[in-house]
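Asks: One structure, pasted below without further comment.
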Amino acid sequence: MLKTNAGRFFEDYRIGDVIAHAVPRTVSGGERALYHALYPARHALYSSDEFARKSGLQASPIDDLAAFHVVFGKSVPDISLNAVANLGYAEGCWLLPVNEGDTLRSVSEVIGLKQNSSGKTGVVYVRTSGLNQRNETVMEFVRWVMVRKRDVDAPAPDTVVPTLKKTLDAADLSIPAGLDFTDYDTTLAGEPHRWGDYDVGETIDHVDGVTIEEAEHMMATRLWQNTAKVHFDATNREDGKRLIYGGHVISMARALSFNGLANAQMIAGLNGGAHANPCFSGDTVRAWSEVLDKADTNAPGVGAIRLRLVAYKAGAAFELKGDDGKYLPGVLLDLDYWALMPK
Amino acid sequence: MLKTNAGRFFEDYRIGDVIAHAVPRTVSGGERALYHALYPARHALYSSDEFARKSGLQASPIDDLAAFHVVFGKSVPDISLNAVANLGYAEGCWLLPVNEGDTLRSVSEVIGLKQNSSGKTGVVYVRTSGLNQRNETVMEFVRWVMVRKRDVDAPAPDTVVPTLKKTLDAADLSIPAGLDFTDYDTTLAGEPHRWGDYDVGETIDHVDGVTIEEAEHMMATRLWQNTAKVHFDATNREDGKRLIYGGHVISMARALSFNGLANAQMIAGLNGGAHANPCFSGDTVRAWSEVLDKADTNAPGVGAIRLRLVAYKAGAAFELKGDDGKYLPGVLLDLDYWALMPK
Amino acid sequence: MLKTNAGRFFEDYRIGDVIAHAVPRTVSGGERALYHALYPARHALYSSDEFARKSGLQASPIDDLAAFHVVFGKSVPDISLNAVANLGYAEGCWLLPVNEGDTLRSVSEVIGLKQNSSGKTGVVYVRTSGLNQRNETVMEFVRWVMVRKRDVDAPAPDTVVPTLKKTLDAADLSIPAGLDFTDYDTTLAGEPHRWGDYDVGETIDHVDGVTIEEAEHMMATRLWQNTAKVHFDATNREDGKRLIYGGHVISMARALSFNGLANAQMIAGLNGGAHANPCFSGDTVRAWSEVLDKADTNAPGVGAIRLRLVAYKAGAAFELKGDDGKYLPGVLLDLDYWALMPK
């Protein structure tokens with residue numbers, strides 16, 4: 001019997017399957033320090049226990065995207081080891097902050113299946129949840145991936161395409177218990193611009209760029225225990241390049257967006273996202289944002305802002321798609337998320 | 001008086017010398033996070049405090065090989081700064097888990113000396129012990145290295161070659177107090193294969209590969225405070241290459257072996273090991289294992305398995321030596337160790 | 001209104017301005033582990049809680065230079081984002097050890113302004129202080145930088161050049177409360193040479209070299225949340241090179257100086273420093289030291305030693321300036337600091 005995990009193929013998934021992913025993870029100050037070494041992350045709530053406590057939290061949690069990466073990484077061996085492409089995200093909700101000492105594990109439910117017309121691949125939709133040591137769900141999200149079939153002659157399953165929200169309503173967002181921005185210190189946070197200073201439709205060029213290194217994206221991807229070969233093995237692709245984990249680009253772009261959105265402190269919802277083009281070592285990543293929506297919340301001093309975050313490696317800020325409606329070749333990421341800001 | 005440490009030469013060692021090594025080290029969650037960023041380490045007992053507690057331990061210890069590297073690294077300035085080659089390991093025993101907050105130091109005893117026929121070098125055998133802040137020995141191992149003479153005319157010492165066990169008996173292994181695998185969760189651990197599912201003689205191709213980067217092996221080697229110049233200084237060798245610390249290859253191979261040996265949770269004994277060929281940045285490291293032996297233990301639910309772990313950068317899985325009995329040029333490491341698995 | 005921070009220009013500073021810098025930072029074992037992974041740091045007091053306690057401290061603090069980098073990094077967006085050059089340091093004092101769990105923030109006061117004769121730039125002198133969560137000053141230093149003017153026609157301010165001590169007196173140094181080296185263990189520290197073994201005028205070649213990697217200097221610089229573009233963006237300079245943060249060279253040289261100055265445990269004062277030439281990835285950094293002065297202290301068993309620390313990438317140890325009085329092109333750093341040693 002073969003002992004190694006060859007990953008699941010399209011015909012191995014059934015609607016309703018609940019897959020418990022392996023390798024739970026206890027996070028510590030080490031993860032926080034590494035996150036800050038790998039990305040130019042500066043949001044004060046994730047840098048300072050004091051700032052977090054003044055905002056009503058017990059301590060500075062690990063970065064929301066670090067929590068996402070941990071939860072996502074665990075799902076890779078079961079969901080995307082044989083994936084041809086990560087097609088999309090939806091309904092991502094951060095439900096509880098993840099603090100040092102918490103232990104995370106992940107579970108995915110198969111909620112959609114659609115064989116492609118080629119008969120060689122299919123699309124698998126899963127809702128992945130991250131749970132802590134108290135079995136509380138700390139976050140969840142839907143993603144769908146194109147997965148190879150092992151046997152092209154395996155019968156196609158009934159097509160089930162889940163109905164997913166195009167975007168979360170602000171009312172769908174979970175605000176961490178106790179969060180209170182009434183005494184928010186914009187000087188310590190780094191910028192004066194509050195929720196009321198942003199207009200829907202406004203765009204922001206985040207100005208800075210970071211040139212990507214192999215050692216950095218591999219360390220990041222390993223830290224989340226994401227095992228997809230293509231990120232680590234230079235012999236895997238014909239061009240000898242290591243494909244960079246899409247989440248590395250997400251975290252890099254989000255960190256770059258501090259410059260102009262320093263007060264978009266917490267990520268509360270992920271509406272959608274596309275990895276428009278692959279990223280490789282040597283690429284210089286830049287980012288721009290667009291304000292898509294704004295909404296009030298019940299938490300004291302807290303407003304919600306919906307943002308498009310675009311990462312690009314060529315071209316210019318605010319460029320996105322060509323006349324054909326397709327992403328321009330220099331665009332890496334088009335992400336749509338809700339953040340929480342001081343009013 | 002020269003203030004810098006030039007290292008010891010062959011004629012500086014005497015049988016029975018006990019050398020206390022410098023720079024004790026307190027380990028924290030930072031070491032654990034970095035270990036997981038530098039290697040694709042996924043053994044659940046070293047990733048999750050909860051998993052470790054359900055296995056009867058107080059918390060997730062630092063990786064057994066991280067403990068080895070810390071203990072080993074301290075010995076480098078006194079033992080192998082002028083080493084021409086690391087020739088072998090024997091009788092390696094992990095006696096106590098190393099937990100966050102523990103402070104380690106190392107001591108070595110010279111147990112063998114043998115001048116080479118050239119008169120220019122000799123072999124030094126030492127038994128190195130790692131001790132914690134309670135002066136408990138957490139691990140020990142024997143290694144022997146070829147060391148240059150400072151003065152080729154220095155008289156040869158009496159030859160003493162220690163009698164070393166070719167392999168540890170399972171009865172020689174220390175099982176951590178309280179270790180209990182009766183409620184072991186194979187789903188969380190990542191694979192269903194238990195001790196009883198492995199046969200002596202069975203071989204496993206661990207499939208995955210990792211291409212090595214300069215920044216990563218240097219960060220790893222520095223973290224263990226191993227100061228050997230050849231790992232850090234590109235001007236040290238004529239070919240401008242930095243030789244990768246052999247322990248980096250050991251940890252990489254062990255981490256890769258998760259895929260097929262996810263339940264070989266704890267390393268309990270090191271029977272032997274050879275660094276067959278040097279490893280450099282740009283090499284893609286792969287690994288395969290062979291089951292050499294199995295034995296029962298007294299701990300509830302715990303079996304012992306003896307494994308050969310081979311790392312290679314060229315050639316194929318299961319290739320080891322040529323017709324001349326020598327390691328093939330693509331083989332990096334041939335390690336023989338005991339691990340503890342759930343029955 | 002532009003949301004991003006364009007940084008301040010020369011005409012934006014006024015004598016007496018007090019600038020509170022953003023993004024407070026809680027440090028943990030993660031920062032310590034990363035510091036030891038990025039630099040060959042081996043001073044025992046910063047490696048072992050036990051060693052620190054035997055020296056009268058509550059635990060092993062984060063490295064003095066790590067504390068400096070954290071405090072310095074916060075000042076970059078307000079002080080040196082538009083800097084042409086970091087010209088000098090003076091009156092650097094380490095006042096309190098920074099322990100795990102401490103949260104640091106920085107404040108700078110403008111103490112000098114001098115427009116250059118070109119009318120395009122000016123020199124800004126600031127005294128930057130790092131404060132912990134109890135509002136205690138943990139360190140402070142003066143630095144001066146050449147900053148561009150936004151508008152070359154802006155009127156020149158009155159010239160104020162602060163009177164700065166060429167060097168701190170030993171009496172100016174803060175010795176951490178409780179520090180006691182009477183039971184100091186030179187074996188654990190790594191070298192036998194005590195304060196009394198060093199002579200003023202003595203020079204030490206630290207022998208070892210480290211070849212610098214992009215991933216490492218960027219991770220270090222990000223960890224200190226230093227956002228200067230030129231360190232991260234390979235498209236920023238015409239030659240496609242990323243300029244390495246001068247503080248990376250300082251930490252590398254200090255760590256290399258362990259070999260010969262293992263007992264110069266704590267940095268207590270920074271008298272001055274010059275970044276003589278830029279450092280880039282691929283450079284191999286070496287270091288040498290010169291004993292400039294010695295002084296007694298009131299703390300039991302503790303002596304002070306004033307050291308010149310020179311880092312170089314070409315040339316040889318003990319070379320510094322040419323016949324023209326200028327730094328040789330291979331010299332990277334000329335630092336003048338006070339350290340505390342066991343008597």
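Just remember, in the structure tokens the first chain shown is A, the second B, etc., residues are 1-based per chain, and ligands are 1-based in the order shown.
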Fewer than 6 positions away in the same chain doesn't count, so skip those; otherwise give me all residues within 7 Å of Val142 in chain C, counting only C-alpha atoms, as JSON, numbers by chain.

Replies: {"C": [89, 90, 91, 92, 125, 126, 127, 128]}

Asks: Save out the residues we just selected, all heavy atoms, as a JSON list (two decimals), in the first residue's frame.

Replies:
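This is the output file result_21.json:
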[["chain", "number", "residue", "atom", "x", "y", "z"],
["C", 89, "TYR", "N", 25.63, 59.74, 14.19],
["C", 89, "TYR", "CA", 24.97, 59.42, 15.45],
["C", 89, "TYR", "C", 25.78, 60.03, 16.59],
["C", 89, "TYR", "O", 27.01, 60.15, 16.50],
["C", 89, "TYR", "CB", 24.93, 57.91, 15.69],
["C", 89, "TYR", "CG", 24.30, 57.09, 14.61],
["C", 89, "TYR", "CD1", 25.09, 56.44, 13.67],
["C", 89, "TYR", "CD2", 22.93, 56.93, 14.55],
["C", 89, "TYR", "CE1", 24.52, 55.65, 12.67],
["C", 89, "TYR", "CE2", 22.34, 56.15, 13.56],
["C", 89, "TYR", "CZ", 23.14, 55.52, 12.63],
["C", 89, "TYR", "OH", 22.58, 54.74, 11.65],
["C", 90, "ALA", "N", 25.11, 60.32, 17.69],
["C", 90, "ALA", "CA", 25.83, 60.76, 18.90],
["C", 90, "ALA", "C", 24.94, 60.53, 20.12],
["C", 90, "ALA", "O", 23.72, 60.38, 20.00],
["C", 90, "ALA", "CB", 26.20, 62.24, 18.80],
["C", 91, "GLU", "N", 25.57, 60.53, 21.27],
["C", 91, "GLU", "CA", 24.88, 60.51, 22.55],
["C", 91, "GLU", "C", 23.81, 59.41, 22.66],
["C", 91, "GLU", "O", 22.71, 59.64, 23.18],
["C", 91, "GLU", "CB", 24.25, 61.89, 22.85],
["C", 91, "GLU", "CG", 25.32, 62.98, 22.95],
["C", 91, "GLU", "CD", 24.77, 64.35, 23.36],
["C", 91, "GLU", "OE1", 23.59, 64.45, 23.71],
["C", 91, "GLU", "OE2", 25.57, 65.31, 23.33],
["C", 92, "GLY", "N", 24.16, 58.24, 22.13],
["C", 92, "GLY", "CA", 23.25, 57.11, 22.24],
["C", 92, "GLY", "C", 23.37, 56.45, 23.60],
["C", 92, "GLY", "O", 24.48, 56.07, 24.01],
["C", 125, "TYR", "N", 18.80, 67.54, 12.69],
["C", 125, "TYR", "CA", 19.28, 66.82, 13.87],
["C", 125, "TYR", "C", 18.08, 66.48, 14.75],
["C", 125, "TYR", "O", 17.29, 67.38, 15.09],
["C", 125, "TYR", "CB", 20.23, 67.70, 14.70],
["C", 125, "TYR", "CG", 21.51, 68.10, 14.01],
["C", 125, "TYR", "CD1", 21.53, 69.10, 13.05],
["C", 125, "TYR", "CD2", 22.72, 67.49, 14.35],
["C", 125, "TYR", "CE1", 22.72, 69.48, 12.43],
["C", 125, "TYR", "CE2", 23.91, 67.87, 13.74],
["C", 125, "TYR", "CZ", 23.90, 68.86, 12.78],
["C", 125, "TYR", "OH", 25.07, 69.23, 12.17],
["C", 126, "VAL", "N", 17.95, 65.23, 15.11],
["C", 126, "VAL", "CA", 16.87, 64.85, 16.03],
["C", 126, "VAL", "C", 17.43, 64.01, 17.18],
["C", 126, "VAL", "O", 18.41, 63.28, 17.02],
["C", 126, "VAL", "CB", 15.75, 64.02, 15.34],
["C", 126, "VAL", "CG1", 14.98, 64.88, 14.34],
["C", 126, "VAL", "CG2", 16.30, 62.78, 14.68],
["C", 127, "ARG", "N", 16.77, 64.16, 18.33],
["C", 127, "ARG", "CA", 17.05, 63.27, 19.45],
["C", 127, "ARG", "C", 15.84, 62.34, 19.55],
["C", 127, "ARG", "O", 14.72, 62.78, 19.80],
["C", 127, "ARG", "CB", 17.23, 64.03, 20.77],
["C", 127, "ARG", "CG", 17.65, 63.11, 21.93],
["C", 127, "ARG", "CD", 17.84, 63.87, 23.25],
["C", 127, "ARG", "NE", 18.80, 64.96, 23.15],
["C", 127, "ARG", "CZ", 20.12, 64.83, 23.34],
["C", 127, "ARG", "NH1", 20.63, 63.65, 23.64],
["C", 127, "ARG", "NH2", 20.91, 65.86, 23.22],
["C", 128, "THR", "N", 16.07, 61.06, 19.30],
["C", 128, "THR", "CA", 14.98, 60.07, 19.27],
["C", 128, "THR", "C", 15.02, 59.24, 20.56],
["C", 128, "THR", "O", 16.09, 58.79, 20.98],
["C", 128, "THR", "CB", 15.14, 59.14, 18.04],
["C", 128, "THR", "OG1", 15.05, 59.95, 16.86],
["C", 128, "THR", "CG2", 14.05, 58.08, 18.01]]

Asks: Do me a favour and pick out the residues of chain C within 9 Å of chain B, using only C-alpha atoms, as a ChimeraX atom specification.

Replies: /C:28-51,60,186-193,204-216,258-261,282,284-285

Asks: Excluding range 297-309 of chain A and its own-chain neighbours fewer than 5 positions away, which residues fall within 7 Å of it when counting only C-alpha atoms? Please give them as a ChimeraX atom specification.

Replies: /A:170,179-182,195,287-292,334-343

Asks: Mind the document's chain letters and residue numbers, and return as a ChimeraX atom specification the residues of range 110-280 of chain A that DSSP labels strand (DSSP E).

Replies: /A:110-115,121-131,137-148,203-205,210-211,266-275

Asks: Write out as a VMD selection string the residues lying within 9 Å of Arg148 in chain B, counting only C-alpha atoms and excluding same-chain residues fewer than 4 positions away.

Replies: chain B and resid 8 to 11 82 to 84 120 to 123 152

Asks: Now that the selection is made, can you save its residues with all heavy atoms as a CSV table (one decimal), in the first residue's frame?

Replies:
chain,number,residue,atom,x,y,z
B,8,ARG,N,40.5,24.3,18.3
B,8,ARG,CA,41.5,23.3,18.7
B,8,ARG,C,42.0,22.5,17.5
B,8,ARG,O,41.3,22.3,16.6
B,8,ARG,CB,40.9,22.4,19.7
B,8,ARG,CG,40.6,23.0,21.1
B,8,ARG,CD,39.7,22.1,21.9
B,8,ARG,NE,39.3,22.8,23.0
B,8,ARG,CZ,39.6,22.4,24.3
B,8,ARG,NH1,40.3,21.4,24.5
B,8,ARG,NH2,39.1,23.1,25.3
B,9,PHE,N,43.3,22.1,17.6
B,9,PHE,CA,43.8,21.2,16.6
B,9,PHE,C,44.0,19.8,17.2
B,9,PHE,O,43.8,19.6,18.4
B,9,PHE,CB,45.2,21.8,16.1
B,9,PHE,CG,45.0,23.1,15.3
B,9,PHE,CD1,44.9,24.3,16.0
B,9,PHE,CD2,44.9,23.0,13.9
B,9,PHE,CE1,44.7,25.5,15.3
B,9,PHE,CE2,44.7,24.2,13.2
B,9,PHE,CZ,44.6,25.4,13.9
B,10,PHE,N,44.3,18.8,16.4
B,10,PHE,CA,44.3,17.5,16.8
B,10,PHE,C,45.1,17.2,18.1
B,10,PHE,O,44.7,16.5,19.0
B,10,PHE,CB,44.8,16.5,15.7
B,10,PHE,CG,44.8,15.1,16.1
B,10,PHE,CD1,43.6,14.4,16.3
B,10,PHE,CD2,46.0,14.4,16.2
B,10,PHE,CE1,43.6,13.1,16.7
B,10,PHE,CE2,46.0,13.0,16.5
B,10,PHE,CZ,44.8,12.4,16.8
B,11,GLU,N,46.3,17.9,18.1
B,11,GLU,CA,47.2,17.6,19.3
B,11,GLU,C,46.7,18.3,20.6
B,11,GLU,O,47.3,18.1,21.6
B,11,GLU,CB,48.6,18.0,19.0
B,11,GLU,CG,48.8,19.5,18.7
B,11,GLU,CD,48.8,19.8,17.2
B,11,GLU,OE1,47.9,19.2,16.5
B,11,GLU,OE2,49.6,20.7,16.7
B,82,ASN,N,38.2,23.3,13.1
B,82,ASN,CA,39.3,23.0,12.2
B,82,ASN,C,39.1,21.6,11.6
B,82,ASN,O,40.1,20.9,11.2
B,82,ASN,CB,40.7,23.1,12.9
B,82,ASN,CG,40.9,24.5,13.3
B,82,ASN,OD1,40.9,25.4,12.5
B,82,ASN,ND2,41.1,24.7,14.6
B,83,ALA,N,37.9,21.1,11.6
B,83,ALA,CA,37.6,19.8,11.1
B,83,ALA,C,37.6,19.8,9.6
B,83,ALA,O,37.2,20.7,8.9
B,83,ALA,CB,36.2,19.4,11.5
B,84,VAL,N,38.2,18.7,9.0
B,84,VAL,CA,38.2,18.5,7.6
B,84,VAL,C,36.9,17.8,7.2
B,84,VAL,O,36.4,18.1,6.1
B,84,VAL,CB,39.4,17.6,7.2
B,84,VAL,CG1,39.5,17.5,5.7
B,84,VAL,CG2,40.7,18.2,7.8
B,120,LYS,N,49.2,14.3,9.2
B,120,LYS,CA,48.7,15.7,9.2
B,120,LYS,C,47.4,16.0,9.9
B,120,LYS,O,47.0,17.1,10.2
B,120,LYS,CB,48.6,16.2,7.7
B,120,LYS,CG,49.9,16.2,7.0
B,120,LYS,CD,49.7,16.6,5.5
B,120,LYS,CE,51.0,16.6,4.7
B,120,LYS,NZ,50.8,16.7,3.3
B,121,THR,N,46.6,14.9,10.1
B,121,THR,CA,45.3,15.0,10.6
B,121,THR,C,45.1,13.8,11.6
B,121,THR,O,45.9,12.9,11.6
B,121,THR,CB,44.2,14.9,9.5
B,121,THR,OG1,44.4,13.7,8.8
B,121,THR,CG2,44.3,16.1,8.6
B,122,GLY,N,44.0,13.9,12.3
B,122,GLY,CA,43.6,12.8,13.2
B,122,GLY,C,42.1,12.8,13.4
B,122,GLY,O,41.5,13.8,13.1
B,123,VAL,N,41.7,11.7,13.9
B,123,VAL,CA,40.2,11.6,14.2
B,123,VAL,C,40.0,11.7,15.7
B,123,VAL,O,40.7,11.1,16.5
B,123,VAL,CB,39.7,10.2,13.7
B,123,VAL,CG1,38.2,10.1,14.0
B,123,VAL,CG2,40.0,10.0,12.2
B,152,VAL,N,52.6,19.4,12.4
B,152,VAL,CA,52.6,18.0,11.9
B,152,VAL,C,53.7,17.2,12.7
B,152,VAL,O,53.6,16.0,12.7
B,152,VAL,CB,52.9,17.9,10.4
B,152,VAL,CG1,51.7,18.5,9.6
B,152,VAL,CG2,54.2,18.6,10.0

Asks: Leaving out Trp144 in chain C and any residue of its chain fewer than 2 positions from it, which residues lie within 6 Å of it when counting only C-alpha atoms, given as an MDAnalysis selection string?

Replies: chainID C and resid 87:88 124:125

Asks: Since we have the selection now, will you write its residues out, keeping C-alpha atoms, as a CSV table (one decimal), in the first residue's frame?

Replies:
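Generated file (result06.csv):
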chain,number,residue,atom,x,y,z
C,87,LEU,CA,25.2,61.5,8.4
C,88,GLY,CA,25.9,60.6,12.0
C,124,VAL,CA,18.1,67.8,10.4
C,125,TYR,CA,19.3,66.8,13.9

Asks: Please return as a PyMOL selection string: the residues of range 177-321 of chain B that backbone DSSP assigns to helix (DSSP H, G or I).

Replies: chain B and resi 186-189+195-197+214-223+229-231+246-256+258-261

Asks: Can you tell me which residues surround range 157-169 of chain C at a distance of at most 7 Å, considering only C-alpha atoms, apart from same-chain residues fewer than 6 positions away, and format the answer as a VMD selection string?

Replies: chain C and resid 90 to 91 111 to 114 271

Asks: Expressed in Å to a single decimal, how great is the separation between CA of Ser129 in chain A and CA of Asp12 in chain A?

Replies: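 For CA of Ser129 in chain A relative to CA of Asp12 in chain A, the distance reads 20.3 Å.
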
Asks: CA of Asn135 in chain A and CA of Leu57 in chain B are how many Å apart?

Replies: 20.9 Å
